[in-house]
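File shown: protein.cif (mmCIF, C-alpha atoms and all ligand atoms).
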```cif
data_structure
loop_
_atom_site.label_atom_id
_atom_site.label_comp_id
_atom_site.auth_asym_id
_atom_site.auth_seq_id
_atom_site.Cartn_x
_atom_site.Cartn_y
_atom_site.Cartn_z
CA MET A 1357 139.96 71.40 152.55
CA ASN A 1358 139.19 67.98 154.09
CA PRO A 1359 141.15 65.25 152.34
CA LYS A 1360 139.18 63.56 149.56
CA HIS A 1361 139.36 59.80 149.34
CA LEU A 1362 139.80 58.69 145.74
CA ALA A 1363 139.27 55.64 143.56
CA ILE A 1364 141.39 56.07 140.43
CA LEU A 1365 140.16 53.85 137.59
CA GLY A 1366 142.59 53.65 134.70
CA CYS A 1367 145.49 54.67 136.99
CA THR A 1368 148.20 53.35 134.65
CA GLY A 1369 147.09 55.40 131.62
CA SER A 1370 148.00 58.92 130.57
CA ILE A 1371 145.24 60.57 132.64
CA GLY A 1372 145.64 58.13 135.54
CA ARG A 1373 149.37 58.85 135.87
CA GLN A 1374 148.81 62.61 135.74
CA CYS A 1375 146.10 62.25 138.34
CA LEU A 1376 148.67 60.63 140.63
CA ASP A 1377 151.01 63.57 139.93
CA VAL A 1378 148.29 65.86 141.27
CA VAL A 1379 147.97 63.70 144.38
CA ARG A 1380 151.77 63.91 144.83
CA GLU A 1381 151.52 67.74 144.70
CA HIS A 1382 148.80 67.75 147.37
CA PRO A 1383 149.33 64.89 149.78
CA GLN A 1384 147.23 66.70 152.42
CA SER A 1385 144.23 67.03 150.11
CA PHE A 1386 143.90 63.58 148.53
CA VAL A 1387 144.10 59.99 149.72
CA VAL A 1388 144.23 57.14 147.20
CA GLU A 1389 141.99 54.28 148.39
CA ILE A 1390 141.67 52.31 145.14
CA LEU A 1391 143.90 51.92 142.12
CA ALA A 1392 142.33 50.12 139.18
CA ALA A 1393 143.45 49.14 135.68
CA GLN A 1394 142.81 46.53 133.06
CA GLY A 1395 145.42 44.08 134.29
CA PHE A 1396 148.76 43.47 135.93
CA SER A 1397 151.66 45.73 135.00
CA LYS A 1398 154.88 46.80 136.66
CA ALA A 1399 153.54 50.35 136.63
CA LEU A 1400 150.47 49.30 138.62
CA VAL A 1401 152.58 47.49 141.21
CA SER A 1402 154.94 50.42 141.66
CA GLN A 1403 152.04 52.91 141.94
CA ALA A 1404 150.42 50.75 144.60
CA LYS A 1405 153.68 50.42 146.56
CA GLU A 1406 153.99 54.21 146.51
CA PHE A 1407 150.37 55.23 147.27
CA ARG A 1408 149.36 52.28 149.48
CA PRO A 1409 145.68 52.04 148.50
CA LYS A 1410 143.33 49.69 150.40
CA VAL A 1411 142.52 47.81 147.20
CA VAL A 1412 144.04 47.25 143.79
CA ALA A 1413 141.39 46.15 141.28
CA VAL A 1414 141.83 44.82 137.75
CA ALA A 1415 139.34 43.72 135.12
CA LYS A 1416 141.38 40.66 134.09
CA SER A 1417 140.54 37.84 136.47
CA SER A 1418 143.57 35.79 135.39
CA ASP A 1419 145.87 38.47 136.90
CA PHE A 1420 144.54 37.96 140.44
CA GLU A 1421 147.25 35.60 141.64
CA VAL A 1422 150.26 37.54 140.35
CA LEU A 1423 148.93 40.71 142.00
CA ARG A 1424 148.07 38.96 145.24
CA GLN A 1425 151.65 37.72 145.44
CA ALA A 1426 153.05 41.16 144.60
CA PHE A 1427 151.20 42.74 147.56
CA GLU A 1428 151.46 39.88 150.04
CA GLN A 1429 153.68 41.90 152.39
CA ASP A 1430 151.88 45.21 151.88
CA HIS A 1431 148.36 44.73 153.32
CA ILE A 1432 146.82 45.73 149.99
CA ASP A 1433 143.76 43.72 148.94
CA VAL A 1434 143.33 42.60 145.35
CA ALA A 1435 140.05 42.36 143.44
CA ALA A 1436 139.96 40.94 139.93
CA GLY A 1437 137.36 40.07 137.32
CA GLU A 1438 134.77 41.74 135.15
CA ASN A 1439 132.70 42.87 138.17
CA ALA A 1440 135.67 43.94 140.30
CA LEU A 1441 135.78 47.64 139.39
CA ALA A 1442 132.03 48.13 139.64
CA GLU A 1443 132.09 46.53 143.09
CA VAL A 1444 135.03 48.37 144.64
CA VAL A 1445 133.82 51.86 143.72
CA ALA A 1446 130.97 51.42 146.21
CA MET A 1447 133.38 51.10 149.18
CA PRO A 1448 132.18 53.41 151.97
CA GLU A 1449 135.49 55.27 152.34
CA ILE A 1450 135.42 56.58 148.75
CA ASP A 1451 134.34 60.21 148.18
CA MET A 1452 135.19 60.52 144.51
CA VAL A 1453 135.73 58.15 141.60
CA VAL A 1454 138.13 59.26 138.86
CA SER A 1455 137.08 57.57 135.62
CA ALA A 1456 140.13 57.44 133.35
CA ILE A 1457 139.47 54.13 131.62
CA VAL A 1458 139.46 54.37 127.84
CA GLY A 1459 136.38 53.57 125.74
CA PHE A 1460 132.96 52.02 126.32
CA ALA A 1461 134.65 49.78 128.92
CA GLY A 1462 134.51 52.77 131.29
CA LEU A 1463 130.71 53.06 131.30
CA ARG A 1464 129.90 50.26 133.72
CA SER A 1465 132.03 51.50 136.61
CA VAL A 1466 130.71 55.06 136.18
CA ILE A 1467 127.16 53.74 136.47
CA ALA A 1468 128.12 51.74 139.57
CA ALA A 1469 129.74 54.83 141.09
CA ILE A 1470 126.65 56.97 140.47
CA GLU A 1471 124.38 54.31 141.98
CA ALA A 1472 126.66 54.25 145.05
CA LYS A 1473 126.31 58.07 145.19
CA LYS A 1474 130.00 58.75 144.67
CA HIS A 1475 131.01 62.02 143.05
CA ILE A 1476 132.76 61.55 139.74
CA ALA A 1477 135.70 63.18 138.01
CA LEU A 1478 135.18 62.14 134.41
CA ALA A 1479 137.86 61.76 131.76
CA ASN A 1480 136.14 58.84 130.00
CA LYS A 1481 134.19 60.86 127.41
CA GLU A 1482 132.75 57.72 125.81
CA THR A 1483 130.44 57.37 128.85
CA LEU A 1484 128.54 60.56 128.02
CA VAL A 1485 128.65 59.91 124.27
CA VAL A 1486 126.97 56.53 124.70
CA ALA A 1487 124.61 57.20 127.60
CA GLY A 1488 124.64 60.96 128.21
CA GLU A 1489 120.92 61.38 128.74
CA TRP A 1490 120.65 58.44 131.13
CA VAL A 1491 123.74 59.49 133.10
CA MET A 1492 122.67 63.14 133.46
CA ASN A 1493 119.17 62.14 134.64
CA ARG A 1494 120.54 59.69 137.15
CA LEU A 1495 123.09 62.21 138.49
CA LYS A 1496 120.28 64.66 139.03
CA SER A 1497 117.94 62.28 140.80
CA LEU A 1498 120.66 60.93 143.10
CA GLN A 1499 122.24 64.39 143.60
CA VAL A 1500 125.66 63.22 142.53
CA ASP A 1501 128.21 65.68 141.10
CA LEU A 1502 130.12 64.96 137.91
CA LEU A 1503 133.17 67.14 137.25
CA PRO A 1504 134.70 67.14 133.78
CA ILE A 1505 138.41 66.38 133.32
CA ASP A 1506 138.47 66.78 129.55
CA SER A 1507 140.27 70.13 129.13
CA GLU A 1508 137.59 71.68 126.86
CA HIS A 1509 134.79 70.79 129.24
CA SER A 1510 136.76 71.90 132.26
CA ALA A 1511 137.29 75.22 130.45
CA ILE A 1512 133.56 75.64 129.77
CA PHE A 1513 132.72 74.58 133.32
CA GLN A 1514 135.12 77.23 134.66
CA CYS A 1515 133.73 79.91 132.30
CA LEU A 1516 130.20 79.14 133.51
CA GLU A 1517 131.02 79.61 137.19
CA GLY A 1518 128.81 82.42 138.51
CA GLU A 1519 126.78 82.65 135.26
CA LYS A 1520 123.12 81.83 134.59
CA PRO A 1521 122.70 78.87 132.20
CA ASN A 1522 119.96 80.66 130.21
CA LYS A 1523 122.37 83.51 129.36
CA VAL A 1524 124.61 81.24 127.28
CA GLU A 1525 124.33 81.87 123.55
CA LYS A 1526 126.81 79.21 122.47
CA ILE A 1527 129.99 77.43 123.42
CA ILE A 1528 133.10 77.37 121.27
CA LEU A 1529 135.07 74.15 121.58
CA THR A 1530 138.69 74.50 120.53
CA GLY A 1531 140.81 71.70 119.10
CA SER A 1532 144.46 71.57 118.09
CA GLY A 1533 143.60 70.02 114.72
CA GLY A 1534 145.86 67.06 115.53
CA PRO A 1535 149.05 65.90 113.82
CA PHE A 1536 147.54 65.87 110.31
CA ARG A 1537 146.10 69.38 110.29
CA GLY A 1538 146.38 70.93 106.82
CA MET A 1539 146.98 67.61 105.02
CA SER A 1540 145.09 66.72 101.84
CA LEU A 1541 143.09 63.51 101.36
CA GLU A 1542 145.84 62.35 99.03
CA ARG A 1543 148.55 62.67 101.69
CA LEU A 1544 146.34 61.04 104.31
CA GLN A 1545 146.14 57.86 102.24
CA ASN A 1546 149.57 56.83 103.42
CA VAL A 1547 149.75 58.01 107.03
CA LYS A 1548 150.64 55.36 109.62
CA PRO A 1549 149.54 54.79 113.22
CA GLU A 1550 153.03 55.91 114.36
CA ASP A 1551 152.42 59.31 112.71
CA ALA A 1552 149.03 59.63 114.39
CA LEU A 1553 150.55 58.94 117.81
CA HIS A 1554 152.79 62.02 117.52
CA HIS A 1555 150.45 64.72 118.75
CA PRO A 1556 151.77 68.30 118.43
CA THR A 1557 150.56 69.65 121.80
CA TRP A 1558 149.26 66.80 124.03
CA ASN A 1559 150.78 63.50 125.16
CA MET A 1560 147.87 61.03 125.38
CA GLY A 1561 146.95 57.34 125.19
CA PRO A 1562 146.84 55.67 121.74
CA LYS A 1563 143.03 55.63 121.24
CA ILE A 1564 142.46 59.33 121.93
CA SER A 1565 145.59 60.20 119.91
CA VAL A 1566 144.07 58.56 116.83
CA ASP A 1567 140.72 60.22 117.61
CA SER A 1568 142.57 63.52 117.71
CA ALA A 1569 144.13 62.85 114.31
CA THR A 1570 140.72 62.05 112.71
CA LEU A 1571 138.88 64.87 114.57
CA MET A 1572 136.61 62.20 116.08
CA ASN A 1573 137.89 63.37 119.45
CA LYS A 1574 136.33 66.78 118.81
CA GLY A 1575 133.13 65.08 117.64
CA LEU A 1576 132.92 63.01 120.82
CA GLU A 1577 133.57 66.18 122.83
CA VAL A 1578 130.70 67.98 121.07
CA ILE A 1579 128.34 65.20 122.19
CA GLU A 1580 129.87 65.18 125.68
CA ALA A 1581 129.33 68.97 125.94
CA ARG A 1582 125.72 68.73 124.79
CA TRP A 1583 124.87 66.56 127.81
CA LEU A 1584 127.16 68.13 130.40
CA PHE A 1585 125.94 71.67 129.77
CA HIS A 1586 122.34 70.99 128.63
CA LEU A 1587 122.85 72.60 125.21
CA ASN A 1588 121.11 72.04 121.94
CA PRO A 1589 123.36 70.91 119.08
CA ASN A 1590 123.36 74.24 117.24
CA GLN A 1591 124.72 76.01 120.31
CA ILE A 1592 128.04 74.17 119.87
CA GLU A 1593 130.74 75.45 117.52
CA VAL A 1594 134.15 73.92 116.85
CA ILE A 1595 137.22 75.94 115.89
CA ILE A 1596 140.80 74.83 115.35
CA HIS A 1597 143.39 76.52 117.56
CA PRO A 1598 146.74 74.80 116.95
CA GLN A 1599 148.53 76.13 120.06
CA SER A 1600 146.02 74.56 122.51
CA VAL A 1601 146.23 77.52 124.87
CA ILE A 1602 142.58 78.57 124.86
CA HIS A 1603 140.93 75.38 126.05
CA SER A 1604 137.40 76.50 125.09
CA MET A 1605 135.07 79.50 125.33
CA VAL A 1606 131.53 80.49 126.22
CA GLN A 1607 129.68 83.27 124.39
CA PHE A 1608 126.84 84.90 126.30
CA VAL A 1609 123.61 86.57 125.09
CA ASP A 1610 125.23 90.04 125.12
CA GLY A 1611 128.04 88.86 122.78
CA SER A 1612 130.62 88.78 125.55
CA ILE A 1613 133.02 85.80 125.38
CA LYS A 1614 134.88 84.15 128.26
CA ALA A 1615 137.86 81.91 127.57
CA GLN A 1616 139.87 79.68 129.89
CA MET A 1617 143.59 79.51 129.09
CA SER A 1618 146.83 77.89 130.22
CA ILE A 1619 149.72 75.97 128.75
CA PRO A 1620 148.46 72.57 127.58
CA ASP A 1621 148.86 70.38 130.69
CA MET A 1622 146.14 67.91 131.68
CA ARG A 1623 147.19 68.09 135.32
CA LEU A 1624 145.39 71.45 135.54
CA PRO A 1625 141.87 70.28 134.62
CA ILE A 1626 142.46 67.08 136.62
CA GLN A 1627 143.38 69.09 139.71
CA TYR A 1628 140.39 71.42 139.25
CA ALA A 1629 137.99 68.46 139.03
CA LEU A 1630 139.51 66.76 142.08
CA SER A 1631 139.56 69.85 144.28
CA TYR A 1632 136.32 71.54 143.14
CA PRO A 1633 134.81 73.74 144.56
CA GLU A 1634 138.25 74.70 145.89
CA ARG A 1635 140.97 76.00 143.56
CA LEU A 1636 144.29 74.70 144.84
CA PRO A 1637 147.68 76.28 144.06
CA SER A 1638 150.04 74.46 141.70
CA SER A 1639 153.68 74.60 140.68
CA PHE A 1640 152.85 73.81 137.01
CA GLN A 1641 154.44 76.00 134.34
CA ARG A 1642 152.78 79.39 133.70
CA PHE A 1643 151.77 80.68 130.27
CA ASP A 1644 153.84 83.53 128.81
CA PHE A 1645 151.86 85.68 126.32
CA ILE A 1646 154.87 87.47 124.83
CA ARG A 1647 156.87 84.32 124.07
CA ASN A 1648 153.90 82.39 122.75
CA SER A 1649 152.43 84.95 120.40
CA PRO A 1650 150.43 84.75 118.16
CA LEU A 1651 147.47 82.53 118.98
CA THR A 1652 145.76 81.46 115.76
CA PHE A 1653 142.37 80.08 114.75
CA GLU A 1654 140.92 78.39 111.67
CA ALA A 1655 137.83 76.44 110.61
CA PRO A 1656 137.98 72.63 110.81
CA ASN A 1657 138.33 70.99 107.40
CA THR A 1658 135.36 68.62 107.47
CA HIS A 1659 135.78 67.71 103.82
CA VAL A 1660 139.02 65.96 104.76
CA PHE A 1661 138.20 65.00 108.38
CA ARG A 1662 134.70 63.59 107.97
CA ASN A 1663 134.40 62.11 111.46
CA LEU A 1664 133.47 65.50 112.86
CA ILE A 1665 130.48 65.72 110.51
CA LEU A 1666 129.47 62.15 111.38
CA ALA A 1667 129.54 63.02 115.08
CA PHE A 1668 127.35 66.11 114.54
CA GLU A 1669 124.96 63.92 112.52
CA ALA A 1670 124.79 61.36 115.34
CA LEU A 1671 124.15 64.15 117.81
CA HIS A 1672 121.30 65.59 115.70
CA GLN A 1673 119.70 62.17 115.28
CA GLY A 1674 120.08 61.32 118.98
CA GLY A 1675 118.78 58.03 120.39
CA ASN A 1676 121.28 55.21 120.02
CA MET A 1677 123.12 56.90 117.10
CA PRO A 1678 125.99 58.32 119.21
CA CYS A 1679 126.41 54.82 120.70
CA ILE A 1680 126.66 53.37 117.16
CA LEU A 1681 129.16 56.09 116.20
CA ASN A 1682 131.27 55.36 119.27
CA ALA A 1683 131.34 51.57 118.98
CA ALA A 1684 132.14 51.66 115.24
CA ASN A 1685 134.88 54.19 115.96
CA GLU A 1686 136.45 52.03 118.69
CA ILE A 1687 136.64 49.07 116.29
CA ALA A 1688 137.98 51.22 113.44
CA VAL A 1689 140.64 52.89 115.63
CA GLU A 1690 141.84 49.56 116.99
CA ALA A 1691 142.10 48.14 113.46
CA PHE A 1692 144.02 51.22 112.29
CA LEU A 1693 146.40 50.95 115.26
CA GLN A 1694 147.03 47.31 114.28
CA HIS A 1695 147.82 48.32 110.68
CA ARG A 1696 144.77 46.38 109.48
CA ILE A 1697 143.03 49.31 107.74
CA PRO A 1698 144.26 52.61 106.26
CA PHE A 1699 143.53 55.95 107.94
CA LEU A 1700 140.81 57.00 105.50
CA ARG A 1701 138.89 53.75 105.95
CA MET A 1702 137.85 54.77 109.49
CA PRO A 1703 135.03 57.22 108.59
CA VAL A 1704 133.78 54.80 105.91
CA ILE A 1705 133.27 52.03 108.49
CA ILE A 1706 131.60 54.39 110.95
CA GLU A 1707 129.22 55.77 108.33
CA LYS A 1708 128.26 52.27 107.14
CA CYS A 1709 127.41 51.25 110.70
CA MET A 1710 125.36 54.41 111.22
CA ASN A 1711 123.36 53.63 108.06
CA MET A 1712 122.90 49.96 108.76
CA ILE A 1713 122.17 49.42 112.42
CA ASP A 1714 118.58 49.76 113.73
CA PHE A 1715 117.85 53.23 115.04
CA ILE A 1716 116.18 53.45 118.47
CA SER A 1717 114.93 56.93 119.34
CA SER A 1718 114.66 56.51 123.15
CA PRO A 1719 116.89 53.61 124.12
CA ASP A 1720 117.17 52.41 127.71
CA LEU A 1721 120.48 51.33 129.16
CA SER A 1722 120.15 47.68 128.13
CA GLN A 1723 119.33 48.72 124.55
CA LEU A 1724 122.45 50.89 124.49
CA ILE A 1725 124.59 48.00 125.71
CA GLU A 1726 123.05 45.79 123.02
CA THR A 1727 123.60 48.51 120.37
CA ASP A 1728 127.27 48.63 121.35
CA ARG A 1729 127.58 44.84 121.03
CA ILE A 1730 125.86 44.61 117.64
CA THR A 1731 127.74 47.58 116.23
CA ARG A 1732 131.08 46.03 117.15
CA GLU A 1733 130.10 42.83 115.37
CA VAL A 1734 128.94 44.66 112.25
CA ALA A 1735 131.99 46.94 112.20
CA GLN A 1736 134.32 43.92 112.45
CA GLY A 1737 132.65 42.61 109.29
CA PHE A 1738 133.60 45.81 107.42
CA LEU A 1739 137.33 45.61 108.22
P1 LIG B 1 145.33 55.28 128.15
O1 LIG B 1 145.22 54.31 127.03
O2 LIG B 1 146.62 55.98 128.36
O3 LIG B 1 144.96 54.52 129.53
C1 LIG B 1 143.84 53.71 129.63
C2 LIG B 1 143.68 53.20 131.06
O4 LIG B 1 142.47 52.43 131.12
C3 LIG B 1 144.80 52.27 131.52
O5 LIG B 1 144.98 52.44 132.90
C4 LIG B 1 144.23 50.86 131.24
O6 LIG B 1 144.77 49.86 132.09
C5 LIG B 1 142.77 51.11 131.58
N1 LIG B 1 141.83 50.20 130.93
C6 LIG B 1 141.71 49.97 129.60
N2 LIG B 1 140.72 49.09 129.38
C7 LIG B 1 140.22 48.75 130.60
C8 LIG B 1 139.19 47.87 131.03
N3 LIG B 1 138.49 47.13 130.17
N4 LIG B 1 138.94 47.79 132.36
C9 LIG B 1 139.66 48.50 133.24
N5 LIG B 1 140.64 49.36 132.89
C10 LIG B 1 140.91 49.48 131.57
O7 LIG B 1 144.14 56.31 127.97
P2 LIG B 1 144.09 57.88 128.33
O8 LIG B 1 144.54 58.10 129.72
O9 LIG B 1 144.71 58.66 127.23
O10 LIG B 1 142.52 58.16 128.23
C11 LIG B 1 141.59 57.71 129.20
C12 LIG B 1 140.25 58.37 128.94
O11 LIG B 1 140.39 59.77 129.17
C13 LIG B 1 139.75 58.21 127.50
O12 LIG B 1 138.35 58.08 127.51
C14 LIG B 1 140.14 59.54 126.84
O13 LIG B 1 139.27 59.89 125.79
C15 LIG B 1 139.99 60.50 128.01
N6 LIG B 1 140.82 61.71 127.91
C16 LIG B 1 142.17 61.59 127.82
C17 LIG B 1 142.98 62.72 127.71
C18 LIG B 1 144.47 62.61 127.68
O14 LIG B 1 145.16 63.64 127.68
N7 LIG B 1 145.05 61.42 127.67
C19 LIG B 1 142.38 64.07 127.63
C20 LIG B 1 140.95 64.07 127.77
C21 LIG B 1 140.21 62.94 127.89
P3 LIG B 1 146.07 48.95 131.64
O15 LIG B 1 147.26 49.85 131.76
O16 LIG B 1 146.08 47.83 132.63
O17 LIG B 1 145.78 48.51 130.23
MG MG B 2 139.78 67.21 125.16
#
```

Could I get this file's structure written as structure tokens?
Amino acid sequence: MNPKHLAILGCTGSIGRQCLDVVREHPQSFVVEILAAQGFSKALVSQAKEFRPKVVAVAKSSDFEVLRQAFEQDHIDVAAGENALAEVVAMPEIDMVVSAIVGFAGLRSVIAAIEAKKHIALANKETLVVAGEWVMNRLKSLQVDLLPIDSEHSAIFQCLEGEKPNKVEKIILTGSGGPFRGMSLERLQNVKPEDALHHPTWNMGPKISVDSATLMNKGLEVIEARWLFHLNPNQIEVIIHPQSVIHSMVQFVDGSIKAQMSIPDMRLPIQYALSYPERLPSSFQRFDFIRNSPLTFEAPNTHVFRNLILAFEALHQGGNMPCILNAANEIAVEAFLQHRIPFLRMPVIIEKCMNMIDFISSPDLSQLIETDRITREVAQGFL
């Protein structure tokens, strides 16, 4: 395959670092042209010294000088400021933009990448939750590809290869259940952010780890799947599968089910998204059925983990409701991580925002950005 020239946004995070592992495995297949993060860090500097991109971009304008000095001898340009990421993704040498920024903050650079007709490998699920309809329409009219990195969506994407979309009966999204699976409401009253950050099967950034613990992550993935695969909400089922070996499944009109499986390792879906339509070899660990038996399944407990129900509700209502859900969730998760609110307060804040903020049935992009802003303000008031 011809080498693909990459912009990696969110390179210092959990997905970003694993993306660079994939590049290390396949130096002939990928060239890193841009590394981008929120701000200066030692990790960013050492990544740039190793991968020698043309540009390092950060959102924090005040970090420009320290980065410029760090790369003075290296012929690496620095871009900094709130427009920096959206500008650099349009560079002519870029083939593909990897979006691994966390939260609503990732939306703007994805939009800029689509407008510049760059193919996208998407980890930032919040983009499709907030603006799924707009993004999918724009991808279609500009003939830009978007490849999912999220393991569930990569699994569904792989199961759908060679199949006709109208032969899909439903998709079955699997989730590990998170670190608090099986706990009662009473026990959840006292759980701490540190407990939520200890995920049983995946090692992820703090925001998605909390989302995993509340089942909001699964809710966001349901909405993400609805747009990516053009489904209606009742074609999406969620089941808990604690071993995280089956990454998701598709059931077809004849009742046949396809599953995609592997040990839980995000480098696999990342590599698939980067190399698609090729499937590259990898040295990653193989799954052993005999040692890892049995695989188990259970229904999600939505009485205890209400965020999943709220996400389905937002999906059914449509319009700007998923955007409200997402913004309220980002504020609630941040407050929980800072020990400012207890675990069980999170769904309460999200539900209040969903009930209170003006519903818009067909929002345009500017209305979604405004919905995000207002929701954050209102949610702050509920902390
Ligand atoms: P992390 O918190 O580990 O990393 C976040 C990255 O985004 C960092 O590089 C950070 O830079 C950067 N960043 C944060 N805010 C901004 C901003 N305003 N502008 C520019 N860059 C910013 O997150 P994860 O890697 O865990 O998750 C990234 C996304 O991928 C999320 O949307 C998540 O839901 C999704 N995802 C993650 C999975 C995982 O296994 N981790 C699995 C599936 C999906 P800095 O270091 O400078 O702060
Ligand atoms: Mg996932």

Exercise. Check the smallest atom-to-atom distance from each of A:Ile1697, A:Glu1443, A:Pro1589, A:Val1524 to Ile1613 of chain A using all atoms listed in the file, then report the winner.
Key: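 That would be A:Val1524, the residue with the smallest distance to Ile1613 of chain A.
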
Quiz prompt | Residues near Phe1536 of chain A, cut-off 12 Å, all atoms listed in the file, skip fewer than 6 positions along chain, as a count of residues only | solution = 27

Self-check item: Env. residues ligand LIG 1 (chain B) / 9 Å / all atoms listed in the file / as a PyMOL selection string
Solution: chain A and resi 1365-1374+1392-1397+1399-1400+1413-1416+1438+1441+1455-1462+1465+1478-1483+1505-1508+1558-1565+1567+1573+1576-1577+1621-1622

Let's have the selection written as a CSV table (one decimal), keeping the file's coordinate frame, with C-alpha atoms.
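Dumped to selection36.csv:
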```csv
chain,number,residue,atom,x,y,z
A,1365,LEU,CA,140.2,53.8,137.6
A,1366,GLY,CA,142.6,53.6,134.7
A,1367,CYS,CA,145.5,54.7,137.0
A,1368,THR,CA,148.2,53.4,134.6
A,1369,GLY,CA,147.1,55.4,131.6
A,1370,SER,CA,148.0,58.9,130.6
A,1371,ILE,CA,145.2,60.6,132.6
A,1372,GLY,CA,145.6,58.1,135.5
A,1373,ARG,CA,149.4,58.8,135.9
A,1374,GLN,CA,148.8,62.6,135.7
A,1392,ALA,CA,142.3,50.1,139.2
A,1393,ALA,CA,143.4,49.1,135.7
A,1394,GLN,CA,142.8,46.5,133.1
A,1395,GLY,CA,145.4,44.1,134.3
A,1396,PHE,CA,148.8,43.5,135.9
A,1397,SER,CA,151.7,45.7,135.0
A,1399,ALA,CA,153.5,50.4,136.6
A,1400,LEU,CA,150.5,49.3,138.6
A,1413,ALA,CA,141.4,46.2,141.3
A,1414,VAL,CA,141.8,44.8,137.8
A,1415,ALA,CA,139.3,43.7,135.1
A,1416,LYS,CA,141.4,40.7,134.1
A,1438,GLU,CA,134.8,41.7,135.2
A,1441,LEU,CA,135.8,47.6,139.4
A,1455,SER,CA,137.1,57.6,135.6
A,1456,ALA,CA,140.1,57.4,133.4
A,1457,ILE,CA,139.5,54.1,131.6
A,1458,VAL,CA,139.5,54.4,127.8
A,1459,GLY,CA,136.4,53.6,125.7
A,1460,PHE,CA,133.0,52.0,126.3
A,1461,ALA,CA,134.6,49.8,128.9
A,1462,GLY,CA,134.5,52.8,131.3
A,1465,SER,CA,132.0,51.5,136.6
A,1478,LEU,CA,135.2,62.1,134.4
A,1479,ALA,CA,137.9,61.8,131.8
A,1480,ASN,CA,136.1,58.8,130.0
A,1481,LYS,CA,134.2,60.9,127.4
A,1482,GLU,CA,132.8,57.7,125.8
A,1483,THR,CA,130.4,57.4,128.8
A,1505,ILE,CA,138.4,66.4,133.3
A,1506,ASP,CA,138.5,66.8,129.6
A,1507,SER,CA,140.3,70.1,129.1
A,1508,GLU,CA,137.6,71.7,126.9
A,1558,TRP,CA,149.3,66.8,124.0
A,1559,ASN,CA,150.8,63.5,125.2
A,1560,MET,CA,147.9,61.0,125.4
A,1561,GLY,CA,147.0,57.3,125.2
A,1562,PRO,CA,146.8,55.7,121.7
A,1563,LYS,CA,143.0,55.6,121.2
A,1564,ILE,CA,142.5,59.3,121.9
A,1565,SER,CA,145.6,60.2,119.9
A,1567,ASP,CA,140.7,60.2,117.6
A,1573,ASN,CA,137.9,63.4,119.4
A,1576,LEU,CA,132.9,63.0,120.8
A,1577,GLU,CA,133.6,66.2,122.8
A,1621,ASP,CA,148.9,70.4,130.7
A,1622,MET,CA,146.1,67.9,131.7
```

Quiz item: Which is closer to ligand MG 2 (chain B) than all the others in A:Ile1680, A:Leu1541, A:Ala1691, A:Ala1511, using only C-alpha atoms and all ligand atoms?
Solution: A:Ala1511

Exercise. Identify, on the basis of all atoms listed in the file, every residue whose closest approach to segment 1358-1361 of chain A does not exceed 12 Å; exclude the query and any residue fewer than 5 positions from it along the same chain; express the result as a VMD selection string.
Key: chain A and resid 1379 1382 to 1391 1409 to 1410 1445 1447 to 1454 1474 to 1476 1629 to 1634

Residues within 12 Å of Pro1650 of chain A, only C-alpha atoms, excluding chain neighbours under 6 positions, as a short mmCIF file (atom, residue, chain, number, x, y, z; two decimals) with C-alpha atoms, keeping the file's coordinate frame:
```cif
data_model
loop_
_atom_site.label_atom_id
_atom_site.label_comp_id
_atom_site.auth_asym_id
_atom_site.auth_seq_id
_atom_site.Cartn_x
_atom_site.Cartn_y
_atom_site.Cartn_z
CA HIS A 1597 143.39 76.52 117.56
CA PRO A 1598 146.74 74.80 116.95
CA GLN A 1599 148.53 76.13 120.06
CA SER A 1600 146.02 74.56 122.51
CA VAL A 1601 146.23 77.52 124.87
CA ASP A 1644 153.84 83.53 128.81
#
```
